[in-house]
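Have a look at final-v2.cif; it's mmCIF, C-alpha atoms and all ligand atoms:
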data_coords
loop_
_atom_site.label_atom_id
_atom_site.label_comp_id
_atom_site.auth_asym_id
_atom_site.auth_seq_id
_atom_site.Cartn_x
_atom_site.Cartn_y
_atom_site.Cartn_z
CA MET A 1 62.91 -61.70 -25.10
CA ALA A 2 62.73 -60.60 -28.71
CA GLU A 3 64.80 -57.53 -29.64
CA GLU A 4 61.81 -55.58 -30.89
CA GLU A 5 60.06 -55.95 -27.51
CA LEU A 6 62.85 -54.19 -25.66
CA GLN A 7 63.00 -51.61 -28.41
CA ARG A 8 59.36 -50.80 -27.99
CA ILE A 9 59.93 -49.92 -24.34
CA ASP A 10 63.11 -47.98 -25.10
CA GLU A 11 61.46 -45.92 -27.78
CA LYS A 12 58.73 -44.90 -25.35
CA LYS A 13 55.94 -46.14 -27.58
CA PRO A 14 52.76 -46.38 -25.54
CA TRP A 15 52.77 -49.52 -23.42
CA ARG A 16 49.96 -51.88 -24.28
CA VAL A 17 48.28 -52.61 -20.96
CA LEU A 18 45.74 -55.20 -19.79
CA GLU A 19 43.77 -54.37 -16.65
CA PHE A 20 42.46 -57.45 -14.82
CA TYR A 21 39.75 -57.07 -12.13
CA SER A 22 39.19 -53.54 -13.39
CA GLY A 23 36.31 -52.66 -11.00
CA ILE A 24 35.56 -48.97 -11.43
CA GLY A 25 39.01 -48.33 -12.91
CA GLY A 26 41.25 -47.34 -10.00
CA MET A 27 44.29 -48.92 -11.62
CA ARG A 28 43.63 -47.12 -14.88
CA TYR A 29 43.31 -43.83 -13.04
CA SER A 30 46.63 -44.43 -11.31
CA LEU A 31 48.25 -45.35 -14.59
CA MET A 32 47.06 -42.07 -16.09
CA ALA A 33 48.20 -40.12 -13.02
CA SER A 34 51.64 -41.73 -13.17
CA GLY A 35 52.31 -40.04 -16.50
CA VAL A 36 53.41 -43.29 -18.16
CA VAL A 37 52.68 -43.28 -21.88
CA ALA A 38 50.31 -46.24 -22.02
CA GLU A 39 47.14 -47.49 -23.63
CA VAL A 40 44.76 -49.84 -21.81
CA VAL A 41 43.97 -52.25 -24.62
CA GLU A 42 41.43 -54.24 -22.59
CA ALA A 43 39.98 -54.48 -19.11
CA PHE A 44 38.38 -57.57 -17.56
CA GLU A 45 35.65 -57.46 -14.92
CA ILE A 46 32.72 -59.71 -14.06
CA ASN A 47 30.55 -57.17 -12.24
CA ASP A 48 27.94 -55.41 -14.32
CA SER A 49 27.58 -52.34 -12.10
CA ALA A 50 31.36 -51.86 -11.87
CA ASN A 51 31.46 -52.03 -15.65
CA ASP A 52 28.76 -49.35 -15.90
CA VAL A 53 30.93 -47.03 -13.80
CA TYR A 54 34.08 -47.93 -15.73
CA GLN A 55 32.31 -47.24 -19.00
CA HIS A 56 31.10 -43.89 -17.68
CA ASN A 57 34.65 -42.99 -16.56
CA PHE A 58 36.61 -44.18 -19.58
CA LYS A 59 34.12 -44.54 -22.46
CA HIS A 60 35.09 -48.18 -22.79
CA ARG A 61 33.15 -51.15 -21.43
CA PRO A 62 35.42 -53.86 -20.03
CA TYR A 63 35.21 -57.40 -21.28
CA GLN A 64 32.52 -58.81 -19.01
CA GLY A 65 33.24 -62.35 -17.99
CA ASN A 66 35.03 -64.62 -15.59
CA ILE A 67 38.80 -64.13 -15.76
CA GLN A 68 39.12 -67.80 -14.85
CA SER A 69 37.78 -68.73 -18.29
CA LEU A 70 40.43 -66.80 -20.24
CA THR A 71 42.93 -68.80 -22.25
CA ALA A 72 46.51 -68.09 -23.30
CA VAL A 73 45.26 -67.63 -26.88
CA ASP A 74 42.76 -65.01 -25.67
CA LEU A 75 45.52 -63.08 -23.94
CA ASP A 76 48.02 -63.40 -26.77
CA LYS A 77 45.82 -61.47 -29.12
CA TYR A 78 46.27 -58.26 -27.10
CA ASN A 79 50.05 -58.34 -27.50
CA ALA A 80 50.31 -56.55 -24.14
CA ASP A 81 53.48 -55.25 -22.50
CA ALA A 82 52.06 -54.87 -19.01
CA TRP A 83 49.35 -56.53 -16.94
CA LEU A 84 47.72 -54.75 -13.99
CA LEU A 85 46.00 -57.05 -11.51
CA SER A 86 43.96 -56.29 -8.39
CA PRO A 87 42.43 -59.67 -7.58
CA PRO A 88 39.80 -60.14 -4.84
CA CYS A 89 41.26 -59.57 -1.39
CA GLN A 90 38.70 -61.48 0.71
CA PRO A 91 40.81 -64.69 0.78
CA TYR A 92 43.58 -62.78 2.62
CA THR A 93 41.87 -60.19 4.84
CA ARG A 94 42.65 -60.36 8.52
CA GLN A 95 38.94 -60.23 9.41
CA GLY A 96 38.06 -63.06 7.00
CA LEU A 97 38.50 -66.84 7.10
CA GLN A 98 41.93 -66.54 5.42
CA LYS A 99 41.40 -69.57 3.21
CA GLN A 100 43.91 -68.05 0.80
CA SER A 101 44.37 -70.26 -2.30
CA GLY A 102 41.64 -72.57 -0.96
CA ASP A 103 39.08 -69.78 -1.36
CA ALA A 104 37.21 -69.93 -4.67
CA ARG A 105 37.75 -66.18 -5.08
CA ALA A 106 41.49 -66.83 -5.44
CA PHE A 107 41.10 -69.32 -8.29
CA SER A 108 41.03 -66.86 -11.19
CA PHE A 109 44.32 -65.24 -10.11
CA LEU A 110 45.96 -68.64 -9.74
CA ARG A 111 44.68 -69.46 -13.22
CA ILE A 112 46.24 -66.28 -14.65
CA LEU A 113 49.56 -67.25 -13.10
CA GLU A 114 49.26 -70.69 -14.68
CA LEU A 115 48.57 -69.13 -18.08
CA ILE A 116 51.65 -66.91 -18.24
CA PRO A 117 54.09 -69.62 -19.41
CA HIS A 118 51.59 -70.70 -22.05
CA THR A 119 51.31 -67.29 -23.68
CA SER A 120 53.45 -66.80 -26.76
CA LYS A 121 54.61 -63.44 -25.42
CA PRO A 122 54.46 -63.16 -21.62
CA PRO A 123 54.03 -59.60 -20.35
CA GLN A 124 57.24 -57.73 -19.66
CA MET A 125 55.78 -56.05 -16.62
CA LEU A 126 53.23 -56.95 -13.98
CA PHE A 127 51.69 -54.87 -11.24
CA VAL A 128 49.71 -56.64 -8.51
CA GLU A 129 47.79 -54.99 -5.68
CA ASN A 130 46.19 -56.62 -2.66
CA VAL A 131 45.56 -56.31 1.07
CA VAL A 132 48.16 -56.65 3.79
CA GLY A 133 48.13 -60.38 4.55
CA PHE A 134 48.54 -61.38 0.92
CA GLU A 135 52.32 -61.27 1.32
CA THR A 136 52.24 -64.16 3.80
CA SER A 137 49.73 -66.28 1.87
CA ASP A 138 50.24 -69.45 -0.15
CA THR A 139 48.91 -67.55 -3.18
CA HIS A 140 51.81 -65.12 -2.80
CA MET A 141 54.22 -68.04 -2.58
CA GLU A 142 52.75 -69.46 -5.77
CA MET A 143 53.00 -66.07 -7.50
CA ILE A 144 56.66 -65.53 -6.57
CA ASP A 145 57.51 -69.10 -7.51
CA THR A 146 55.88 -68.73 -10.94
CA LEU A 147 57.46 -65.34 -11.60
CA THR A 148 60.93 -66.47 -10.57
CA LYS A 149 60.74 -69.54 -12.82
CA LEU A 150 59.71 -67.29 -15.70
CA ASP A 151 62.66 -64.93 -15.20
CA TYR A 152 60.86 -62.07 -13.56
CA VAL A 153 62.47 -59.85 -10.93
CA THR A 154 60.13 -58.43 -8.31
CA GLN A 155 60.06 -55.44 -5.99
CA GLU A 156 57.37 -55.63 -3.32
CA PHE A 157 56.00 -52.92 -1.08
CA ILE A 158 53.50 -52.34 1.70
CA LEU A 159 52.53 -48.70 1.40
CA SER A 160 49.91 -46.38 2.79
CA PRO A 161 48.53 -43.12 1.34
CA LEU A 162 49.91 -41.48 4.52
CA GLN A 163 53.37 -41.95 3.02
CA PHE A 164 52.34 -39.81 0.06
CA GLY A 165 50.85 -36.91 2.03
CA VAL A 166 47.24 -38.12 1.89
CA PRO A 167 45.50 -38.25 5.32
CA TYR A 168 44.22 -41.78 4.86
CA SER A 169 45.43 -44.84 6.68
CA ARG A 170 45.10 -47.70 4.21
CA PRO A 171 48.23 -49.85 3.90
CA ARG A 172 48.18 -52.10 0.86
CA TYR A 173 50.47 -54.68 -0.71
CA PHE A 174 51.99 -53.95 -4.14
CA CYS A 175 54.21 -56.09 -6.35
CA LEU A 176 56.12 -54.80 -9.36
CA ALA A 177 57.59 -57.46 -11.63
CA LYS A 178 59.81 -57.05 -14.69
CA ARG A 179 60.97 -59.80 -16.97
CA LYS A 180 64.72 -60.03 -17.52
CA PRO A 181 66.58 -58.41 -19.14
CA LEU A 182 64.32 -55.43 -18.42
CA PRO A 183 65.94 -53.79 -15.36
CA PHE A 184 64.52 -51.85 -12.44
CA LYS A 185 66.05 -48.42 -12.07
CA TYR A 186 67.07 -49.05 -8.46
CA GLN A 187 68.13 -52.65 -8.24
CA HIS A 188 68.96 -52.76 -4.54
CA SER A 189 65.22 -53.31 -3.92
CA ASN A 190 65.13 -56.37 -6.19
CA ASN A 191 63.31 -59.36 -4.69
CA LYS A 192 62.66 -57.53 -1.43
CA LEU A 193 59.52 -56.52 0.45
CA LEU A 194 59.82 -52.92 1.63
CA TRP A 195 57.62 -50.76 3.86
CA SER A 196 58.73 -47.45 2.44
CA PRO A 197 58.64 -46.01 -1.07
CA SER A 198 61.95 -44.19 -0.56
CA LEU A 199 64.00 -46.69 -2.54
CA LEU A 200 61.65 -46.27 -5.50
CA TYR A 201 63.01 -42.76 -5.69
CA GLY A 202 66.58 -43.86 -5.20
CA CYS A 203 66.89 -42.38 -1.73
CA ASP A 204 66.58 -43.66 1.78
CA ASP A 205 64.88 -40.65 3.28
CA GLN A 206 63.22 -42.29 6.25
CA VAL A 207 62.15 -38.91 7.58
CA LYS A 208 59.94 -38.31 4.58
CA PHE A 209 58.89 -41.89 3.98
CA GLY A 210 58.90 -43.55 7.40
CA LYS A 211 57.71 -47.05 7.97
CA CYS A 212 54.17 -46.11 8.83
CA GLU A 213 53.52 -49.03 11.13
CA ALA A 214 56.02 -47.82 13.71
CA GLU A 215 54.69 -45.25 16.15
CA GLU A 216 57.49 -42.74 15.71
CA GLY A 217 57.41 -43.27 11.92
CA LEU A 218 53.72 -42.45 11.94
CA ASP A 219 54.32 -39.22 13.85
CA ARG A 220 56.92 -38.16 11.32
CA LEU A 221 54.66 -39.02 8.41
CA LEU A 222 51.85 -36.92 9.79
CA GLN A 223 54.09 -33.86 9.62
CA PHE A 224 54.14 -34.22 5.85
CA CYS A 225 50.46 -35.06 5.47
CA GLU A 226 47.92 -32.64 4.10
CA PRO A 227 44.91 -31.99 6.38
CA VAL A 228 41.56 -33.58 5.58
CA GLU A 229 40.13 -30.19 4.57
CA LYS A 230 42.37 -30.13 1.50
CA PHE A 231 40.27 -33.03 0.15
CA LEU A 232 36.80 -31.71 0.97
CA GLU A 233 34.34 -30.61 -1.65
CA SER A 234 33.29 -27.06 -0.98
CA ALA A 235 29.58 -26.92 -0.16
CA ALA A 236 28.87 -25.28 -3.49
CA HIS A 237 30.49 -28.12 -5.33
CA VAL A 238 28.82 -31.03 -3.63
CA ASP A 239 27.00 -32.84 -6.40
CA GLY A 240 23.32 -33.39 -5.99
CA GLU A 241 23.82 -37.16 -6.05
CA PRO A 242 21.03 -39.13 -4.43
CA SER A 243 21.72 -40.16 -0.86
CA SER A 244 22.71 -43.79 -0.58
CA PHE A 245 22.20 -44.04 3.16
CA ASP A 246 18.96 -44.31 4.98
CA ASP A 247 18.02 -40.94 6.42
CA SER A 248 14.34 -41.72 6.49
CA GLU A 249 14.20 -41.01 10.21
CA ASN A 250 15.42 -37.58 9.34
CA GLY A 251 12.75 -36.68 6.86
CA SER A 252 13.48 -33.55 4.89
CA LYS A 253 14.70 -31.63 7.90
CA ASP A 254 18.24 -31.53 9.17
CA CYS A 255 19.60 -34.02 11.65
CA TYR A 256 18.31 -31.94 14.54
CA GLY A 257 14.81 -32.01 13.23
CA GLN A 258 14.95 -28.31 12.39
CA GLU A 259 14.96 -26.38 9.19
CA ASP A 260 18.45 -24.97 8.70
CA ASP A 261 18.95 -22.61 5.79
CA SER A 262 22.71 -22.41 6.37
CA VAL A 263 23.17 -25.99 5.17
CA PRO A 264 22.78 -26.35 1.39
CA ASP A 265 20.48 -29.13 0.23
CA SER A 266 23.41 -30.85 -1.43
CA VAL A 267 25.14 -31.22 1.95
CA HIS A 268 21.99 -32.16 3.83
CA GLN A 269 21.97 -35.62 2.43
CA TYR A 270 25.35 -36.31 4.02
CA LEU A 271 24.45 -35.26 7.57
CA VAL A 272 24.42 -38.13 10.05
CA PRO A 273 20.93 -38.64 11.50
CA VAL A 274 20.78 -37.75 15.17
CA SER A 275 19.24 -41.12 15.99
CA LEU A 276 22.39 -42.81 14.68
CA ILE A 277 24.60 -40.54 16.74
CA GLU A 278 22.60 -41.33 19.86
CA ARG A 279 22.75 -45.05 19.25
CA TRP A 280 26.21 -45.55 17.75
CA GLY A 281 28.15 -42.45 18.77
CA ASN A 282 30.59 -44.49 20.85
CA ALA A 283 31.58 -46.59 17.86
CA MET A 284 32.02 -43.65 15.47
CA ASP A 285 35.42 -42.56 14.24
CA ILE A 286 35.32 -38.76 14.18
CA VAL A 287 37.78 -36.57 12.28
CA TYR A 288 38.01 -32.80 11.86
CA PRO A 289 38.93 -30.63 8.87
CA ASP A 290 42.44 -30.19 10.33
CA SER A 291 42.90 -33.91 11.07
CA LYS A 292 45.66 -35.72 9.28
CA ARG A 293 44.17 -39.16 9.21
CA CYS A 294 41.02 -41.02 8.20
CA CYS A 295 40.03 -44.63 8.73
CA CYS A 296 39.66 -46.95 5.78
CA PHE A 297 36.32 -46.54 3.97
CA THR A 298 34.53 -49.76 3.11
CA LYS A 299 31.63 -50.55 0.83
CA SER A 300 29.32 -50.57 3.88
CA TYR A 301 30.01 -46.89 4.62
CA TYR A 302 26.59 -45.14 4.68
CA ARG A 303 24.96 -48.42 5.75
CA TYR A 304 26.83 -49.23 8.97
CA VAL A 305 28.84 -47.05 11.30
CA LYS A 306 31.30 -49.31 13.08
CA GLY A 307 34.59 -49.83 11.27
CA THR A 308 33.34 -48.64 7.88
CA GLY A 309 35.09 -45.25 7.70
CA SER A 310 35.41 -41.88 9.42
CA LEU A 311 32.78 -39.19 9.90
CA LEU A 312 33.56 -35.50 9.61
CA ALA A 313 32.68 -33.04 12.38
CA THR A 314 31.66 -29.85 10.64
CA VAL A 315 31.46 -27.86 13.86
CA GLN A 316 34.69 -27.95 15.81
CA PRO A 317 34.16 -28.07 19.59
CA LYS A 318 36.58 -26.53 22.09
CA ILE A 319 37.66 -29.99 23.11
CA LYS A 320 37.82 -32.34 20.14
CA GLY A 321 36.47 -35.85 20.39
CA LYS A 322 33.72 -37.58 22.25
CA GLU A 323 34.13 -35.58 25.44
CA SER A 324 32.17 -32.88 23.63
CA CYS A 325 28.58 -33.46 22.62
CA LEU A 326 28.64 -35.30 19.30
CA LYS A 327 25.25 -34.05 18.26
CA GLU A 328 26.55 -30.49 18.41
CA GLN A 329 29.50 -31.31 16.21
CA ARG A 330 27.16 -31.71 13.25
CA LEU A 331 28.63 -34.90 11.91
CA ARG A 332 28.46 -35.67 8.24
CA TYR A 333 29.52 -38.50 5.99
CA PHE A 334 32.28 -37.91 3.50
CA THR A 335 30.92 -37.64 -0.04
CA PRO A 336 31.89 -40.31 -2.59
CA ARG A 337 34.23 -37.87 -4.31
CA GLU A 338 35.92 -37.02 -1.03
CA PHE A 339 36.69 -40.54 0.05
CA LEU A 340 37.95 -41.48 -3.37
CA PHE A 341 40.39 -38.57 -2.83
CA ASP A 342 40.51 -37.49 -6.46
C1 LIG A 401 39.69 -55.71 -5.40
S1 LIG A 401 38.49 -55.38 -6.60
C2 LIG A 401 39.39 -54.46 -7.79
C3 LIG A 401 39.10 -53.02 -7.69
C4 LIG A 401 39.62 -52.22 -8.86
N1 LIG A 401 41.06 -52.14 -8.91
C5 LIG A 401 39.02 -50.82 -8.84
O1 LIG A 401 39.72 -49.83 -8.96
O2 LIG A 401 37.79 -50.72 -8.66
C6 LIG A 401 38.31 -56.93 -7.41
C7 LIG A 401 37.38 -56.89 -8.60
O3 LIG A 401 37.50 -58.14 -9.28
C8 LIG A 401 36.23 -58.54 -9.77
N2 LIG A 401 36.32 -60.01 -9.91
C9 LIG A 401 36.46 -60.90 -8.92
N3 LIG A 401 36.59 -62.14 -9.40
C10 LIG A 401 36.54 -62.03 -10.76
C11 LIG A 401 36.62 -62.97 -11.82
N4 LIG A 401 36.78 -64.27 -11.57
N5 LIG A 401 36.54 -62.51 -13.08
C12 LIG A 401 36.36 -61.17 -13.33
N6 LIG A 401 36.30 -60.25 -12.35
C13 LIG A 401 36.37 -60.66 -11.09
C14 LIG A 401 35.26 -58.06 -8.70
O4 LIG A 401 33.96 -57.88 -9.25
C15 LIG A 401 35.91 -56.74 -8.25
O5 LIG A 401 35.38 -55.65 -8.95
#
When written as structure tokens, how does the structure in this file appear?
Ligand SMILES: C[S@@+](CC[C@H](N)C(=O)[O-])C[C@H]1O[C@@H](n2cnc3c(N)ncnc32)[C@H](O)[C@@H]1O
Amino acid sequence: MAEEELQRIDEKKPWRVLEFYSGIGGMRYSLMASGVVAEVVEAFEINDSANDVYQHNFKHRPYQGNIQSLTAVDLDKYNADAWLLSPPCQPYTRQGLQKQSGDARAFSFLRILELIPHTSKPPQMLFVENVVGFETSDTHMEMIDTLTKLDYVTQEFILSPLQFGVPYSRPRYFCLAKRKPLPFKYQHSNNKLLWSPSLLYGCDDQVKFGKCEAEEGLDRLLQFCEPVEKFLESAAHVDGEPSSFDDSENGSKDCYGQEDDSVPDSVHQYLVPVSLIERWGNAMDIVYPDSKRCCCFTKSYYRYVKGTGSLLATVQPKIKGKESCLKEQRLRYFTPREFLFD
């Protein structure tokens, strides 16, 4: 690696970052929240609507095209230090066909890996995010093989927001890669896959950062988790965004078919129609303001009930759960701002 490259990192000049599969910009948000001095010099995303949101959020419209068509020359011109990549996860999800590298949606990521050795200045750092299942895939094998050959050292993690005090169960795979001679601060995690972030902080505090898969680890984690209510929008602050779920059966009245002045209009749109509760109540995942967990929200939240995310009971019964009448618990959907937990 050229001397001046290392110098740039040492001198804390802003990292030049490329964001692949930028979606609505979650990676960029995390980068900003991390406090790293960095500039996203370009983002790449094929989806027009995602790019609208990204542009709204960051006042920059990502390069709209297929990442698979990028060339090494294209990438060279950004002179980037770090690449952030969150490629499609469908090839690796447990519920899917698990075609892995044989799935067309994996091709663009494989192509990016192929391009790295052909760039005149490979990135010094990579950050890859995907679903649990990626770590056992042939795509992962290909990625590690490519990175090792190109002198990268990796640290891999499976982490859940629960391990960071957020009441949301959503384990995800993360890979950090640095090109030698750039070192990791804590090198005992080099080339390992870990289920706890503790070593990132140079400690092995399993009480604070338990392996969240294990039952007793989960119990310990929940002690440190904030309750759901900490992440709720107060009624006054619920934006008047148009409802994206079908409450046509509900008309303009509340879910009980009555006028209810105590519920602001802005919250009304998030109430779960009573007909849905009657039909699908058994399949609903219900949480309370003092709960310390939520199920993973999917893009079908608001459209389907089963397995798409939790619903919030706004009236707490004496006995929590489905033993008490669900209709009386005044269930509502989480708002978009709430389930993005920002
Ligand atoms: C897992 S999501 C990434 C989410 C993103 N990190 C965010 O915060 O929204 C994958 C994204 O990659 C985009 N995508 C998939 N294949 C692509 C390709 N070949 N070229 C460009 N974008 C692609 C999808 O439209 C989707 O938005």
- [ ] Counting all atoms listed in the file, figure out which residue out of A:Trp83, A:Glu338, A:Ala283, A:Glu323 gets nearest to Phe297 (chain A).
- [x] A:Glu338
Task: Spatial neighbours of Gly165 (chain A), 8 Å, all atoms listed in the file, chain gap at least 5 places, as a list in words - done: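 Residues near the query, excluding close chain neighbours: Leu221, Leu222, Phe224, Cys225 and Glu226 of chain A.
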- [ ] Kindly indicate which residue among A:Met32, A:Leu232, A:Leu271, A:Cys175 lies nearest to Tyr302 (chain A), using only C-alpha atoms for the distances.
- [x]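 Using only C-alpha atoms, the shortest distance to Tyr302 (chain A) belongs to A:Leu271.
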TODO: Excluding Pro317 (chain A) and residues on its chain fewer than 4 positions from it, collect all residues at most 10 Å away from it, counting only C-alpha atoms, and give them as a VMD selection string.
DONE: chain A and resid 288 313 321 to 326 328 to 329
- [ ] Rounded to one decimal place, report the CA of Ala72 (chain A)-CA of Glu156 (chain A) distance in Å.
- [x]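 Between CA of Ala72 (chain A) and CA of Glu156 (chain A) the gap works out to 25.9 Å.
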- [ ] Find, counting only C-alpha atoms and all ligand atoms, the residue in A:Lys299, A:Lys77, A:Lys13, A:Arg94 that gets nearest to ligand LIG 401 (chain A).
- [x] A:Lys299
TODO: Extract, using all atoms listed in the file, all DNA, RNA and protein residues at most 9 Å from Pro87 (chain A), discarding same-chain residues fewer than 4 positions from it, and format them as a ChimeraX atom specification.
DONE: /A:20-21,105-106,108-109,128-130
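Of the residues under consideration (A:Lys230, A:Lys292, A:Lys318, A:His268), A:His268 shows the shortest atom-to-atom contact distance to Leu331 (chain A) when counting all atoms listed in the file.
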Residues within 6 Å of Ser310 (chain A), please, as a PDB file with C-alpha atoms, keeping the file's coordinate frame. Count all atoms listed in the file; anything in the same chain fewer than 5 positions from it doesn't count.
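out03.pdb, written as the output of this step:
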ATOM      1  CA  ASP A 285      35.420 -42.560  14.240  1.00  0.00           C
ATOM      2  CA  ILE A 286      35.320 -38.760  14.180  1.00  0.00           C
ATOM      3  CA  CYS A 294      41.020 -41.020   8.200  1.00  0.00           C
ATOM      4  CA  CYS A 295      40.030 -44.630   8.730  1.00  0.00           C
TER       5      CYS A 295
END
- [ ] Could the residues that lie within 10 Å of ligand LIG 401 (chain A), counting all atoms listed in the file, be listed as an NGL selection string?
- [x] :A and (19-30 or 43-51 or 53-54 or 62-70 or 84-90 or 104-109 or 111 or 128-131)
TODO: Mind checking which residues fall within 10 Å of Trp280 (chain A), counting all atoms listed in the file, ignoring those fewer than 6 positions away in the same chain, and posting them as a PyMOL selection string?
DONE: chain A and resi 274+304-306
Using C-alpha atoms, can you export the residues from the last selection as an mmCIF file, in the coordinates of the input?
data_model
loop_
_atom_site.group_PDB
_atom_site.id
_atom_site.type_symbol
_atom_site.label_atom_id
_atom_site.label_comp_id
_atom_site.auth_asym_id
_atom_site.auth_seq_id
_atom_site.Cartn_x
_atom_site.Cartn_y
_atom_site.Cartn_z
ATOM 1 C CA VAL A 274 20.780 -37.750 15.170
ATOM 2 C CA TYR A 304 26.830 -49.230 8.970
ATOM 3 C CA VAL A 305 28.840 -47.050 11.300
ATOM 4 C CA LYS A 306 31.300 -49.310 13.080
#
Task: Straight-line distance linking CA of Leu110 (chain A) with CA of Gln95 (chain A), stated in Å to one decimal - done: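 Separation between CA of Leu110 (chain A) and CA of Gln95 (chain A): 22.1 Å.
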Task: Point-to-point distance in Å for CA of Thr148 (chain A) and CA of Lys178 (chain A) - done: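 Spanning CA of Lys178 (chain A) to CA of Thr148 (chain A) is a straight-line distance of 10.3 Å.
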